[in-house]
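Trainee: This is target21.cif, which holds mmCIF, C-alpha atoms:
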data_work
loop_
_atom_site.label_atom_id
_atom_site.label_comp_id
_atom_site.auth_asym_id
_atom_site.auth_seq_id
_atom_site.Cartn_x
_atom_site.Cartn_y
_atom_site.Cartn_z
CA ILE E 4 93.16 135.09 84.16
CA LEU E 5 91.08 138.22 83.53
CA PRO E 6 93.59 140.79 84.91
CA SER E 7 96.34 139.16 82.84
CA LEU E 8 94.19 139.16 79.69
CA GLY E 9 93.31 142.81 80.30
CA ARG E 10 96.98 143.82 80.43
CA LEU E 11 97.77 141.65 77.42
CA ALA E 12 94.91 143.11 75.36
CA LEU E 13 95.76 146.71 76.27
CA GLY E 14 99.48 146.30 75.60
CA LEU E 15 98.98 144.45 72.31
CA GLY E 16 96.26 146.88 71.21
CA LEU E 17 98.44 149.94 71.82
CA SER E 18 101.35 148.22 70.07
CA ALA E 19 99.18 147.41 67.05
CA VAL E 20 97.83 150.95 66.70
CA ALA E 21 101.24 152.60 67.09
CA GLY E 22 103.14 150.00 65.07
CA ILE E 23 100.77 149.95 62.09
CA ALA E 24 100.40 153.74 61.92
CA LEU E 25 104.13 154.48 62.21
CA GLY E 26 105.03 151.51 60.01
CA ILE E 27 102.90 152.77 57.13
CA VAL E 28 104.37 156.27 57.46
CA LEU E 29 107.93 154.95 57.49
CA GLY E 30 107.27 152.42 54.74
CA ARG E 31 106.02 155.12 52.39
CA SER E 32 108.99 157.42 53.03
CA GLU E 33 112.35 156.03 51.93
CA ARG E 34 114.21 159.01 53.41
CA ALA E 35 112.58 158.63 56.84
CA MET E 36 113.23 154.88 56.81
CA ALA E 37 116.88 155.41 55.86
CA TYR E 38 117.39 157.84 58.74
CA LEU E 39 115.42 155.98 61.41
CA ASN E 40 116.09 152.33 60.56
CA PRO E 41 119.39 152.13 62.53
CA VAL E 42 117.68 153.63 65.59
CA LEU E 43 114.74 151.25 65.26
CA GLN E 44 116.99 148.23 64.89
CA PHE E 45 118.97 149.33 67.96
CA ALA E 46 115.84 149.81 70.08
CA ARG E 47 114.39 146.51 68.86
CA VAL E 48 117.24 144.41 70.26
CA ILE E 49 117.19 145.98 73.75
CA PRO E 50 115.94 143.24 76.11
CA PRO E 51 112.68 144.51 77.68
CA PRO E 52 113.67 143.39 81.22
CA THR E 53 116.56 145.88 81.14
CA MET E 54 114.01 148.69 80.69
CA VAL E 55 112.17 147.84 83.93
CA PRO E 56 114.10 150.42 86.03
CA VAL E 57 113.25 153.10 83.45
CA PHE E 58 109.58 152.15 83.39
CA ALA E 59 109.54 151.99 87.21
CA VAL E 60 110.71 155.60 87.35
CA LEU E 61 108.34 156.80 84.63
CA PHE E 62 105.21 154.89 85.64
CA ALA E 63 105.86 153.41 89.13
CA PHE E 64 105.12 149.75 89.84
CA GLY E 65 101.68 148.62 88.80
CA THR E 66 99.50 148.25 85.72
CA GLN E 67 100.97 151.22 83.83
CA MET E 68 104.49 149.85 84.08
CA GLN E 69 103.31 146.36 83.11
CA VAL E 70 101.51 147.65 80.01
CA ALA E 71 104.53 149.80 79.09
CA SER E 72 106.76 146.71 79.25
CA ILE E 73 104.43 144.82 76.92
CA VAL E 74 104.19 147.72 74.45
CA PHE E 75 107.97 148.22 74.33
CA SER E 76 108.44 144.57 73.42
CA ALA E 77 105.49 144.06 71.06
CA VAL E 78 105.59 147.26 69.00
CA TRP E 79 108.80 146.51 67.09
CA PRO E 80 107.79 143.43 65.06
CA ILE E 81 104.52 145.13 64.10
CA LEU E 82 106.21 148.39 63.13
CA LEU E 83 109.04 146.85 61.12
CA ASN E 84 106.85 144.30 59.34
CA THR E 85 104.28 146.97 58.48
CA ALA E 86 106.98 149.28 57.15
CA ASP E 87 108.34 146.47 54.98
CA GLY E 88 104.87 145.65 53.67
CA ALA E 89 104.00 149.28 52.94
CA HIS E 90 107.32 149.74 51.15
CA SER E 91 106.90 146.68 48.91
CA VAL E 92 103.75 147.82 47.10
CA ASP E 93 103.79 146.82 43.41
CA PRO E 94 105.04 149.87 41.42
CA LEU E 95 102.66 148.99 38.57
CA GLN E 96 99.71 149.19 40.95
CA GLU E 97 100.95 152.55 42.23
CA ASP E 98 101.17 153.88 38.69
CA THR E 99 97.66 152.62 37.99
CA ALA E 100 96.38 154.37 41.13
CA ARG E 101 97.94 157.65 39.93
CA VAL E 102 96.39 157.27 36.47
CA PHE E 103 92.95 156.82 38.03
CA ARG E 104 93.68 159.77 40.34
CA LEU E 105 92.94 157.96 43.55
CA SER E 106 93.18 160.17 46.62
CA ARG E 107 95.67 159.44 49.40
CA VAL E 108 92.93 157.93 51.53
CA GLU E 109 91.77 155.71 48.66
CA ARG E 110 95.32 154.59 47.92
CA LEU E 111 95.81 153.81 51.60
CA ARG E 112 92.58 151.82 51.80
CA TYR E 113 92.64 149.97 48.49
CA LEU E 114 96.36 149.64 47.76
CA ILE E 115 98.81 150.17 50.62
CA VAL E 116 97.01 148.48 53.52
CA PRO E 117 95.91 145.40 51.51
CA SER E 118 99.46 145.00 50.16
CA ALA E 119 100.90 145.19 53.68
CA LEU E 120 98.31 142.97 55.40
CA VAL E 121 100.30 139.74 55.18
CA LYS E 122 103.33 141.42 56.76
CA ILE E 123 101.16 143.17 59.36
CA PHE E 124 99.68 139.89 60.54
CA ALA E 125 103.13 138.28 60.59
CA GLY E 126 104.20 141.05 62.96
CA LEU E 127 101.04 140.64 65.03
CA ARG E 128 101.65 136.92 65.51
CA LEU E 129 105.17 137.56 66.75
CA ALA E 130 103.97 140.44 68.90
CA LEU E 131 101.33 138.21 70.48
CA SER E 132 103.98 135.72 71.61
CA LEU E 133 106.17 138.49 73.01
CA SER E 134 103.18 140.10 74.75
CA LEU E 135 102.31 136.84 76.48
CA ILE E 136 105.90 136.45 77.73
CA LEU E 137 106.11 140.06 78.92
CA MET E 138 102.67 139.81 80.53
CA VAL E 139 103.95 137.02 82.78
CA PHE E 140 107.29 138.72 83.43
CA SER E 141 105.69 142.04 84.38
CA GLU E 142 103.42 140.27 86.87
CA LEU E 143 106.47 138.78 88.61
CA LEU E 144 107.61 142.28 89.63
CA PRO E 145 106.76 144.02 92.90
CA GLY E 146 103.50 145.94 93.04
CA THR E 147 101.42 143.17 91.43
CA SER E 148 98.55 141.67 93.39
CA ASN E 149 96.83 139.55 90.72
CA GLY E 150 97.34 137.81 87.41
CA LEU E 151 98.93 134.55 86.30
CA GLY E 152 102.49 135.76 86.91
CA TYR E 153 101.60 136.78 90.45
CA GLN E 154 99.91 133.42 91.04
CA LEU E 155 103.02 131.66 89.75
CA THR E 156 105.34 133.60 92.08
CA ASN E 157 103.01 133.08 95.03
CA ALA E 158 102.83 129.35 94.41
CA GLN E 159 106.63 129.10 94.10
CA SER E 160 107.13 130.93 97.40
CA GLN E 161 104.81 128.43 99.10
CA SER E 162 106.35 125.41 97.34
CA ASP E 163 102.93 124.71 95.80
CA VAL E 164 104.18 122.56 92.92
CA PRO E 165 100.75 121.53 91.53
CA THR E 166 99.70 125.19 91.20
CA VAL E 167 103.01 126.08 89.53
CA TRP E 168 102.51 123.39 86.89
CA SER E 169 98.84 124.32 86.52
CA VAL E 170 99.74 127.93 85.72
CA ILE E 171 102.40 126.81 83.24
CA VAL E 172 99.95 124.51 81.44
CA LEU E 173 97.30 127.24 81.49
CA LEU E 174 99.74 129.71 79.88
CA GLY E 175 100.48 127.19 77.13
CA MET E 176 96.78 126.68 76.48
CA LEU E 177 96.17 130.44 76.53
CA GLY E 178 98.92 131.03 73.98
CA TYR E 179 97.53 128.32 71.70
CA VAL E 180 93.95 129.67 71.88
CA LEU E 181 94.99 133.29 71.27
CA ASN E 182 97.18 132.30 68.31
CA THR E 183 94.32 130.24 66.83
CA ILE E 184 91.96 133.22 67.16
CA LEU E 185 94.48 135.54 65.50
CA LEU E 186 94.98 133.10 62.60
CA ALA E 187 91.20 132.91 62.09
CA VAL E 188 90.96 136.72 62.06
CA GLU E 189 93.87 136.89 59.61
CA ARG E 190 92.22 134.48 57.17
CA ARG E 191 88.91 136.34 57.38
CA VAL E 192 90.48 139.77 56.86
CA LEU E 193 92.68 138.64 53.97
CA VAL E 194 89.76 136.99 52.17
CA SER E 195 87.59 140.07 52.76
CA HIS E 196 90.22 142.47 51.42
CA ARG E 197 90.92 140.23 48.43
CA GLY E 198 87.25 140.29 47.48
CA GLU E 199 87.07 144.04 48.02
CA ARG E 200 90.06 144.69 45.75
CA GLU E 201 88.63 142.48 43.02
CA ALA E 202 85.35 144.38 43.22
CA VAL E 203 87.19 147.69 42.88
#
What would you get if you wrote out this structure as structure tokens?
Mentor:
Amino acid sequence: ILPSLGRLALGLGLSAVAGIALGIVLGRSERAMAYLNPVLQFARVIPPPTMVPVFAVLFAFGTQMQVASIVFSAVWPILLNTADGAHSVDPLQEDTARVFRLSRVERLRYLIVPSALVKIFAGLRLALSLSLILMVFSELLPGTSNGLGYQLTNAQSQSDVPTVWSVIVLLGMLGYVLNTILLAVERRVLVSHRGEREAV
């Protein structure tokens, strides 16, 4: 389980950092979003398995290629949801921020990020599901020597049906636990930011 969780955490973490940062930039620039949205929508619908030959050339088989596969799949829902959230900030609140002469950093912290948080977490939940799927898929490829996907392939090759079903059940439980943790973090962060905004 631990090697799989390590790949999942690294891939999802990189996706979150890149997706939130780029999403906020795109969401605050209508011109950039207008130019790049068709490209983003095109890249989003490319099935990640079709990119395996590209990743194999760029990174070779192994952990780097597996993480790249997860990132390519998980970054899009985070990026697009963040951009939508950053774009839909209440114009009245933006005008109020200008009147009080809030700096860009203050507007980002107290206005833009809190307004986009609901969308960001919606993207994170979807990205988590995709990351779990791509984690297993990437471990089915050559060059893998551990992880749940590798264990599943190994059990199938040996006709070890109990182990196959055990891995499948374990993946379902893992997905449920990770989603529950993310929902708890979402509730905590949203409540914290709501209280912070009211204090400001």
Trainee: Rounded to one decimal, what separation in Å do you get between atom CA of E:Val170 and atom CA of E:Leu151?
Mentor: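 Spanning atom CA of E:Val170 to atom CA of E:Leu151 is a straight-line distance of 6.7 Å.
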Trainee: Which is closest to E:Ile27 among E:Gly88, E:Gly175, E:Pro52, E:Gly14, if we use only C-alpha atoms?
Mentor: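 Of E:Gly88, E:Gly175, E:Pro52, E:Gly14, the one nearest E:Ile27, counting only C-alpha atoms, is E:Gly88.
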Trainee: So that each row is one residue of stretch 16-45 of chain E with an atom at most 12 Å from stretch 101-114 of chain E, can you give its shortest atom pair and the distance in Å to one decimal, using all atoms listed in the file, rows by chain and rising number, as CSV?
Mentor:
residue,atom,partner,partner_atom,distance
E:Ala24,CA,E:Leu111,CA,11.3
E:Ile27,CA,E:Leu111,CA,9.1
E:Val28,CA,E:Leu111,CA,10.7
E:Gly30,CA,E:Leu111,CA,12.0
E:Arg31,CA,E:Leu111,CA,10.3
Trainee: Choose the residue, out of E:Leu39, E:Ala77, E:Leu133, E:Leu120, that has the smallest atom-to-atom separation from E:Val192; count all atoms listed in the file.
Mentor: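 Checking each candidate against E:Val192, we get E:Leu120 as the closest.
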Trainee: Return the single residue from E:Leu173, E:Ala71, E:Leu83, E:Leu43 that is closest to E:Pro56, with distances computed using only C-alpha atoms.
Mentor: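 Closest residue, counting only C-alpha atoms: E:Ala71.
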Trainee: Calculated over only C-alpha atoms, which of the candidates E:Arg128, E:Arg47, E:Arg10, E:Arg34 has the smallest distance to E:Val188?
Mentor: E:Arg128
Trainee: Under the PyMOL selection byres ((chain E and resi 171) around 12), which residues of this model are included? Write them out as a list in words.
Mentor: Ile136, Val139, Leu151, Gly152, Gln154, Leu155, Thr156, Ala158, Gln159, Val164, Pro165, Thr166, Val167, Trp168, Ser169, Val170, Val172, Leu173, Leu174, Gly175, Met176, Leu177 and Gly178 of chain E
Trainee: Please save C-alpha atoms of the selected residues as a PDB file, in the coordinates of the input.
Mentor:
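Writing the result to part17.pdb gives the following:
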ATOM      1  CA  ILE E 136     105.900 136.450  77.730  1.00  0.00           C
ATOM      2  CA  VAL E 139     103.950 137.020  82.780  1.00  0.00           C
ATOM      3  CA  LEU E 151      98.930 134.550  86.300  1.00  0.00           C
ATOM      4  CA  GLY E 152     102.490 135.760  86.910  1.00  0.00           C
ATOM      5  CA  GLN E 154      99.910 133.420  91.040  1.00  0.00           C
ATOM      6  CA  LEU E 155     103.020 131.660  89.750  1.00  0.00           C
ATOM      7  CA  THR E 156     105.340 133.600  92.080  1.00  0.00           C
ATOM      8  CA  ALA E 158     102.830 129.350  94.410  1.00  0.00           C
ATOM      9  CA  GLN E 159     106.630 129.100  94.100  1.00  0.00           C
ATOM     10  CA  VAL E 164     104.180 122.560  92.920  1.00  0.00           C
ATOM     11  CA  PRO E 165     100.750 121.530  91.530  1.00  0.00           C
ATOM     12  CA  THR E 166      99.700 125.190  91.200  1.00  0.00           C
ATOM     13  CA  VAL E 167     103.010 126.080  89.530  1.00  0.00           C
ATOM     14  CA  TRP E 168     102.510 123.390  86.890  1.00  0.00           C
ATOM     15  CA  SER E 169      98.840 124.320  86.520  1.00  0.00           C
ATOM     16  CA  VAL E 170      99.740 127.930  85.720  1.00  0.00           C
ATOM     17  CA  VAL E 172      99.950 124.510  81.440  1.00  0.00           C
ATOM     18  CA  LEU E 173      97.300 127.240  81.490  1.00  0.00           C
ATOM     19  CA  LEU E 174      99.740 129.710  79.880  1.00  0.00           C
ATOM     20  CA  GLY E 175     100.480 127.190  77.130  1.00  0.00           C
ATOM     21  CA  MET E 176      96.780 126.680  76.480  1.00  0.00           C
ATOM     22  CA  LEU E 177      96.170 130.440  76.530  1.00  0.00           C
ATOM     23  CA  GLY E 178      98.920 131.030  73.980  1.00  0.00           C
TER      24      GLY E 178
END
Trainee: Using only C-alpha atoms, collect all residues at a distance of at most 7 Å from (94.7, 140.0, 56.8) as written in the file, then present them as a list in words.
Mentor: Leu120, Val121, Phe124, Glu189, Arg190, Arg191, Val192 and Leu193 of chain E
Trainee: Give me, please, the distance in Å between atom CA of E:Met36 and atom CA of E:Ser91, quoted to one decimal.
Mentor: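 Atom-to-atom, atom CA of E:Met36 to atom CA of E:Ser91, that is 13.0 Å.
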Trainee: Determine the residue membership of the PyMOL selection byres ((chain E and resi 16) around 12) for the file above and supply it as an MDAnalysis selection string.
Mentor: chainID E and resid 8:15 17:23 70:71 73:74 77:78 81 127 130:131 134
